[in-house]
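Structure file model-v5.txt with compact mmCIF, C-alpha atoms:
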```txt
# COMPACT_ATOMS: atom_id res chain seq x y z
CA SER A 23 -67.82 -19.73 33.67
CA ALA A 24 -70.32 -22.32 34.84
CA ALA A 25 -69.95 -24.31 31.62
CA SER A 26 -66.17 -24.37 31.92
CA ALA A 27 -66.34 -25.45 35.56
CA ALA A 28 -68.80 -28.21 34.70
CA ALA A 29 -66.55 -29.43 31.87
CA GLN A 30 -63.54 -29.42 34.18
CA ARG A 31 -65.43 -31.47 36.77
CA ALA A 32 -66.39 -33.96 34.07
CA VAL A 33 -62.77 -34.31 32.95
CA ASP A 34 -61.57 -34.72 36.53
CA GLU A 35 -64.20 -37.38 37.13
CA LYS A 36 -63.09 -39.30 34.05
CA ARG A 37 -59.47 -39.11 35.22
CA ARG A 38 -60.52 -41.11 38.27
CA ASP A 39 -61.98 -43.79 36.01
CA PRO A 40 -59.83 -46.97 36.10
CA LYS A 41 -59.87 -46.98 32.29
CA ASP A 42 -57.58 -43.94 32.34
CA GLN A 43 -54.86 -46.12 33.86
CA VAL A 44 -55.25 -49.22 31.71
CA SER A 45 -56.52 -47.99 28.34
CA PRO A 46 -54.04 -45.95 26.25
CA SER A 47 -56.75 -44.83 23.82
CA PHE A 48 -59.00 -43.69 26.67
CA HIS A 49 -56.12 -41.77 28.26
CA THR A 50 -55.16 -40.19 24.92
CA GLN A 51 -58.68 -38.99 24.16
CA LEU A 52 -59.13 -37.66 27.69
CA THR A 53 -55.83 -35.79 27.45
CA LYS A 54 -56.92 -34.20 24.18
CA LEU A 55 -60.19 -33.10 25.76
CA ALA A 56 -58.33 -31.62 28.72
CA GLU A 57 -56.02 -29.70 26.36
CA ARG A 58 -58.99 -28.36 24.38
CA LEU A 59 -60.64 -27.29 27.61
CA GLY A 60 -57.45 -25.55 28.74
CA ALA A 61 -57.16 -23.72 25.41
CA ALA A 62 -60.80 -22.65 25.58
CA GLU A 63 -60.36 -21.35 29.13
CA ALA A 64 -57.26 -19.41 28.08
CA THR A 65 -59.19 -17.81 25.22
CA VAL A 66 -62.10 -16.88 27.47
CA ASN A 67 -59.76 -15.43 30.10
CA GLY A 68 -58.01 -13.42 27.41
CA LEU A 69 -61.29 -12.00 26.18
CA LYS A 70 -62.30 -11.14 29.74
CA ARG A 71 -59.00 -9.35 30.24
CA CYS A 72 -59.54 -7.43 27.01
CA THR A 73 -62.93 -6.29 28.22
CA GLN A 74 -61.65 -5.28 31.64
CA GLU A 75 -58.54 -3.48 30.41
CA ALA A 76 -59.71 -1.97 27.12
CA GLU A 77 -61.02 1.20 28.74
CA GLY A 78 -57.80 1.84 30.64
CA ASN A 79 -55.48 0.81 27.80
CA CYS A 80 -55.89 4.13 26.01
CA LYS A 81 -54.71 6.09 29.04
CA LEU A 82 -51.95 3.56 29.67
CA LEU A 83 -50.72 3.86 26.10
CA GLN A 84 -50.61 7.65 26.33
CA ALA A 85 -48.63 7.34 29.57
CA GLN A 86 -46.17 4.99 27.88
CA LYS A 87 -45.71 7.41 24.98
CA ALA A 88 -45.10 10.28 27.39
CA GLU A 89 -42.58 8.21 29.33
CA LEU A 90 -40.77 7.27 26.12
CA ALA A 91 -40.59 10.94 25.13
CA ALA A 92 -39.17 11.80 28.56
CA LEU A 93 -36.56 9.06 28.15
CA ALA A 94 -35.61 10.46 24.76
CA ALA A 95 -35.00 13.84 26.43
CA LYS A 96 -32.78 12.16 29.03
CA VAL A 97 -30.80 10.45 26.28
CA ASP A 98 -30.38 13.86 24.64
CA GLU A 99 -28.86 15.09 27.90
CA VAL A 100 -26.52 12.10 28.06
CA GLU A 101 -25.35 12.70 24.50
CA LEU A 102 -24.63 16.33 25.35
CA LEU A 103 -22.94 15.35 28.61
CA THR A 104 -20.62 12.85 26.95
CA LEU A 105 -19.91 14.91 23.84
CA PRO A 106 -16.10 15.26 23.50
CA LEU A 107 -14.99 18.90 23.50
CA GLY A 108 -11.85 18.21 21.51
CA ASP A 109 -9.40 19.47 24.12
CA GLU A 110 -9.20 16.23 26.13
CA ARG A 111 -5.71 14.93 26.81
CA PRO A 112 -5.07 11.18 26.65
CA SER A 113 -4.86 9.81 30.18
CA ASP A 114 -5.47 6.54 32.00
CA GLU A 115 -6.62 8.38 35.11
CA VAL A 116 -10.31 8.73 35.88
CA SER A 117 -11.50 11.95 37.48
CA GLU A 118 -14.49 12.41 39.76
CA ALA A 119 -16.21 14.42 37.03
CA GLN A 120 -15.82 11.54 34.61
CA GLU A 121 -17.19 9.09 37.16
CA SER A 122 -20.13 11.42 37.72
CA LYS A 123 -20.83 11.43 33.99
CA ALA A 124 -20.53 7.65 33.89
CA ALA A 125 -22.98 7.30 36.77
CA SER A 126 -25.45 9.53 34.92
CA VAL A 127 -25.12 7.38 31.81
CA LEU A 128 -25.75 4.21 33.81
CA LEU A 129 -28.79 5.72 35.51
CA VAL A 130 -30.40 6.61 32.19
CA GLN A 131 -29.40 3.25 30.73
CA ASP A 132 -31.04 1.38 33.61
CA THR A 133 -34.16 3.53 33.26
CA VAL A 134 -34.41 2.75 29.54
CA GLU A 135 -33.94 -0.96 30.18
CA GLY A 136 -36.62 -0.92 32.86
CA PHE A 137 -39.02 0.81 30.48
CA GLN A 138 -38.25 -1.77 27.80
CA GLN A 139 -39.08 -4.64 30.15
CA ARG A 140 -42.41 -3.06 31.08
CA ALA A 141 -43.18 -2.27 27.44
CA GLU A 142 -42.46 -5.84 26.37
CA ALA A 143 -44.80 -7.09 29.09
CA LEU A 144 -47.53 -4.72 27.89
CA ALA A 145 -46.93 -5.79 24.28
CA ASP A 146 -47.96 -9.30 25.33
CA ASN A 147 -51.55 -8.13 25.63
CA PRO A 148 -54.65 -10.00 24.43
CA HIS A 149 -56.15 -6.68 23.35
CA GLY A 150 -55.06 -6.50 19.72
CA ALA A 151 -54.92 -2.71 19.45
CA MET A 152 -52.83 -2.39 22.61
CA LYS A 153 -50.49 -5.15 21.51
CA LEU A 154 -49.98 -3.49 18.14
CA ALA A 155 -49.47 -0.03 19.64
CA MET A 156 -46.92 -1.21 22.19
CA GLY A 157 -45.15 -3.18 19.49
CA ARG A 158 -44.67 0.08 17.61
CA LEU A 159 -43.06 1.69 20.65
CA LEU A 160 -40.43 -1.00 21.13
CA PRO A 161 -38.28 0.00 18.11
CA GLY A 162 -38.07 3.48 19.63
CA VAL A 163 -36.66 1.95 22.82
CA ALA A 164 -34.09 0.04 20.79
CA LYS A 165 -33.00 3.30 19.14
CA LEU A 166 -32.54 4.93 22.55
CA ARG A 167 -30.35 2.05 23.68
CA GLU A 168 -28.27 2.35 20.52
CA ARG A 169 -27.85 6.08 21.07
CA LEU A 170 -26.66 5.42 24.61
CA ARG A 171 -24.18 2.85 23.35
CA ALA A 172 -22.85 5.31 20.78
CA ALA A 173 -22.58 8.05 23.42
CA ARG A 174 -20.52 5.76 25.63
CA ALA A 175 -18.29 4.61 22.80
CA GLY A 176 -17.70 8.17 21.60
CA ASN A 177 -16.08 9.31 24.84
CA ARG A 178 -13.17 7.13 25.92
CA ALA A 179 -12.77 8.91 29.24
CA VAL A 180 -16.38 8.21 30.17
CA GLU A 181 -16.02 4.65 28.93
CA ARG A 182 -13.07 4.11 31.27
CA ALA A 183 -15.04 5.68 34.11
CA LEU A 184 -17.93 3.34 33.33
CA CYS A 185 -15.61 0.37 33.76
CA ARG A 186 -14.63 1.60 37.21
CA VAL A 187 -18.21 2.30 38.24
CA LEU A 188 -19.39 -1.08 36.96
CA MET A 189 -16.59 -2.86 38.79
CA ARG A 190 -17.54 -1.09 42.01
CA GLN A 191 -21.23 -1.87 41.55
CA GLY A 192 -20.67 -5.40 40.31
CA LYS A 193 -18.32 -6.61 43.03
CA PRO A 194 -21.04 -6.91 45.72
CA LYS A 195 -23.22 -8.78 43.21
CA LEU A 196 -20.52 -11.40 42.64
CA GLU A 197 -20.52 -12.57 46.25
CA PRO A 198 -24.15 -13.85 46.19
CA ALA A 199 -23.44 -15.43 42.80
CA GLN A 200 -20.40 -17.25 44.14
CA ALA A 201 -22.36 -18.38 47.20
CA ALA A 202 -25.19 -19.69 45.01
CA MET A 203 -22.75 -21.59 42.80
CA ALA A 204 -21.08 -23.10 45.87
CA LYS A 205 -24.48 -24.22 47.17
CA ALA A 206 -25.28 -25.80 43.80
CA GLU A 207 -21.97 -27.67 43.79
CA GLN A 208 -22.61 -28.86 47.34
CA ALA A 209 -26.03 -30.19 46.33
CA GLU A 210 -24.44 -32.05 43.42
CA GLY A 211 -21.80 -33.52 45.71
CA PRO A 212 -22.99 -37.15 45.67
CA PHE A 213 -23.02 -37.19 41.86
CA LEU A 214 -19.75 -35.32 41.46
CA LYS A 215 -18.04 -37.91 43.66
CA GLY A 216 -19.12 -40.71 41.36
CA ILE A 217 -21.92 -41.98 43.58
CA GLU A 218 -24.47 -42.28 40.80
CA ILE A 219 -26.39 -45.18 42.38
CA LEU A 220 -28.27 -43.97 45.43
CA GLU A 221 -31.23 -45.21 47.37
CA PRO A 222 -34.46 -44.04 45.69
CA ALA A 223 -35.43 -41.63 48.47
CA LEU A 224 -31.93 -40.16 48.68
CA HIS A 225 -31.72 -39.97 44.90
CA GLN A 226 -34.97 -38.00 44.67
CA ALA A 227 -33.96 -35.70 47.51
CA THR A 228 -30.57 -35.06 45.91
CA VAL A 229 -32.07 -34.32 42.50
CA ALA A 230 -34.63 -31.97 44.06
CA ALA A 231 -31.88 -30.16 45.97
CA CYS A 232 -29.81 -29.86 42.79
CA GLU A 233 -32.72 -28.43 40.83
CA ALA A 234 -33.59 -25.94 43.57
CA ALA A 235 -29.97 -24.82 43.93
CA ALA A 236 -29.55 -24.54 40.16
CA THR A 237 -32.71 -22.44 39.85
CA GLU A 238 -31.55 -20.07 42.57
CA ALA A 239 -28.07 -19.87 41.02
CA ARG A 240 -29.54 -18.94 37.64
CA LYS A 241 -31.58 -16.14 39.23
CA VAL A 242 -28.58 -14.71 41.07
CA MET A 243 -26.33 -15.02 38.02
CA ALA A 244 -28.93 -13.27 35.88
CA LYS A 245 -29.00 -10.33 38.30
CA ALA A 246 -25.20 -10.14 38.34
CA ARG A 247 -25.04 -10.35 34.55
CA THR A 248 -27.59 -7.56 34.18
CA THR A 249 -25.44 -5.31 36.34
CA LEU A 250 -22.28 -6.02 34.36
CA GLU A 251 -23.77 -5.79 30.86
```
Could you spell out this file's structure in structure tokens?
Amino acid sequence: SAASAAAQRAVDEKRRDPKDQVSPSFHTQLTKLAERLGAAEATVNGLKRCTQEAEGNCKLLQAQKAELAALAAKVDEVELLTLPLGDERPSDEVSEAQESKAASVLLVQDTVEGFQQRAEALADNPHGAMKLAMGRLLPGVAKLRERLRAARAGNRAVERALCRVLMRQGKPKLEPAQAAMAKAEQAEGPFLKGIEILEPALHQATVAACEAAATEARKVMAKARTTLE
């Protein structure tokens, strides 16, 4: 808004005042004002978002409920697919049929997890009714995940097949993770060799490279971990 923009300009102007650099009390009070302004802007933006999204939230909520019901039907199919018939013979071998069942389980599991991520994002909504409604859907997602876990655990043959499928899917994901870790170690090289005292410019560049490599490594490792979990 115009008032918010004017207030921000006033704060920015005061930050250029020499007093901000030499007077601790001036700097403290100005910082508090900036924080209050930021909080007010966040509140206003949240209210604007509520107004803009409120009309569509009802349709979105109905779509989420329908998707959750469809996921429940898929979990029903997985439970039926993995239900032991009682005539299975103990064996360490994994058949193509068992791998096919395992792949179906993983597909539904990934779909449920994707829905949960989207639902959690929607639950973080400034519109109170939408936030409450999505919060009520999340326990249903947790129940679906528990049913999938029980279905996997109840069929040892499928569980073994899942291990093979996960190993096959996870192996390509390990290579980027290993490369990212190697890059992070390379960036940390000067420190790992005991060269803690560096020229200021080199020190800053090395720290920046370490932080960038570590951030990338965490992202890649998170993707690999998601695949293997």
Contact residues around range 235-240 of chain A with all atoms listed in the file at 7 Å, ignoring same-chain residues under 6 positions, as an MDAnalysis selection string: chainID A and resid 199 202:203 205:206
Atom-to-atom span, CA of Ala151 in chain A and CA of Arg58 in chain A, Å: 26.4 Å
Point-to-point distance from CA of Glu121 in chain A to CA of Ala183 in chain A, Å rounded to tenths: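 Distance between the two atoms: 5.1 Å.
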Atomic distance CA of Lys87 in chain A - CA of Ser126 in chain A, expressed in Å with one decimal: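 Separation between CA of Lys87 in chain A and CA of Ser126 in chain A: 22.7 Å.
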Who sits within 12 Å of Gln30 in chain A, all atoms listed in the file, same chain under 2 positions skipped, as a PDB file with C-alpha atoms, in the frame of the given file:
```pdb
ATOM      1  CA  SER A  23     -67.820 -19.730  33.670  1.00  0.00           C
ATOM      2  CA  ALA A  24     -70.320 -22.320  34.840  1.00  0.00           C
ATOM      3  CA  ALA A  25     -69.950 -24.310  31.620  1.00  0.00           C
ATOM      4  CA  SER A  26     -66.170 -24.370  31.920  1.00  0.00           C
ATOM      5  CA  ALA A  27     -66.340 -25.450  35.560  1.00  0.00           C
ATOM      6  CA  ALA A  28     -68.800 -28.210  34.700  1.00  0.00           C
ATOM      7  CA  ALA A  32     -66.390 -33.960  34.070  1.00  0.00           C
ATOM      8  CA  VAL A  33     -62.770 -34.310  32.950  1.00  0.00           C
ATOM      9  CA  ASP A  34     -61.570 -34.720  36.530  1.00  0.00           C
ATOM     10  CA  GLU A  35     -64.200 -37.380  37.130  1.00  0.00           C
ATOM     11  CA  LYS A  36     -63.090 -39.300  34.050  1.00  0.00           C
ATOM     12  CA  ARG A  37     -59.470 -39.110  35.220  1.00  0.00           C
ATOM     13  CA  LEU A  52     -59.130 -37.660  27.690  1.00  0.00           C
ATOM     14  CA  LEU A  55     -60.190 -33.100  25.760  1.00  0.00           C
ATOM     15  CA  ALA A  56     -58.330 -31.620  28.720  1.00  0.00           C
ATOM     16  CA  GLU A  57     -56.020 -29.700  26.360  1.00  0.00           C
ATOM     17  CA  ARG A  58     -58.990 -28.360  24.380  1.00  0.00           C
ATOM     18  CA  LEU A  59     -60.640 -27.290  27.610  1.00  0.00           C
ATOM     19  CA  GLY A  60     -57.450 -25.550  28.740  1.00  0.00           C
ATOM     20  CA  ALA A  62     -60.800 -22.650  25.580  1.00  0.00           C
ATOM     21  CA  GLU A  63     -60.360 -21.350  29.130  1.00  0.00           C
TER      22      GLU A  63
END
```
Who sits within 12 Å of Leu159 in chain A, all atoms listed in the file, same chain under 4 positions skipped, as JSON, numbers by chain: {"A": [83, 84, 85, 86, 87, 88, 89, 90, 91, 137, 138, 140, 141, 142, 144, 145, 152, 153, 154, 155, 163, 164, 165, 166]}
Those same residues, written as a PDB file, in the coordinates of the input with C-alpha atoms?
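The result, written out as again-v3.pdb:
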```pdb
ATOM      1  CA  LEU A  83     -50.720   3.860  26.100  1.00  0.00           C
ATOM      2  CA  GLN A  84     -50.610   7.650  26.330  1.00  0.00           C
ATOM      3  CA  ALA A  85     -48.630   7.340  29.570  1.00  0.00           C
ATOM      4  CA  GLN A  86     -46.170   4.990  27.880  1.00  0.00           C
ATOM      5  CA  LYS A  87     -45.710   7.410  24.980  1.00  0.00           C
ATOM      6  CA  ALA A  88     -45.100  10.280  27.390  1.00  0.00           C
ATOM      7  CA  GLU A  89     -42.580   8.210  29.330  1.00  0.00           C
ATOM      8  CA  LEU A  90     -40.770   7.270  26.120  1.00  0.00           C
ATOM      9  CA  ALA A  91     -40.590  10.940  25.130  1.00  0.00           C
ATOM     10  CA  PHE A 137     -39.020   0.810  30.480  1.00  0.00           C
ATOM     11  CA  GLN A 138     -38.250  -1.770  27.800  1.00  0.00           C
ATOM     12  CA  ARG A 140     -42.410  -3.060  31.080  1.00  0.00           C
ATOM     13  CA  ALA A 141     -43.180  -2.270  27.440  1.00  0.00           C
ATOM     14  CA  GLU A 142     -42.460  -5.840  26.370  1.00  0.00           C
ATOM     15  CA  LEU A 144     -47.530  -4.720  27.890  1.00  0.00           C
ATOM     16  CA  ALA A 145     -46.930  -5.790  24.280  1.00  0.00           C
ATOM     17  CA  MET A 152     -52.830  -2.390  22.610  1.00  0.00           C
ATOM     18  CA  LYS A 153     -50.490  -5.150  21.510  1.00  0.00           C
ATOM     19  CA  LEU A 154     -49.980  -3.490  18.140  1.00  0.00           C
ATOM     20  CA  ALA A 155     -49.470  -0.030  19.640  1.00  0.00           C
ATOM     21  CA  VAL A 163     -36.660   1.950  22.820  1.00  0.00           C
ATOM     22  CA  ALA A 164     -34.090   0.040  20.790  1.00  0.00           C
ATOM     23  CA  LYS A 165     -33.000   3.300  19.140  1.00  0.00           C
ATOM     24  CA  LEU A 166     -32.540   4.930  22.550  1.00  0.00           C
TER      25      LEU A 166
END
```
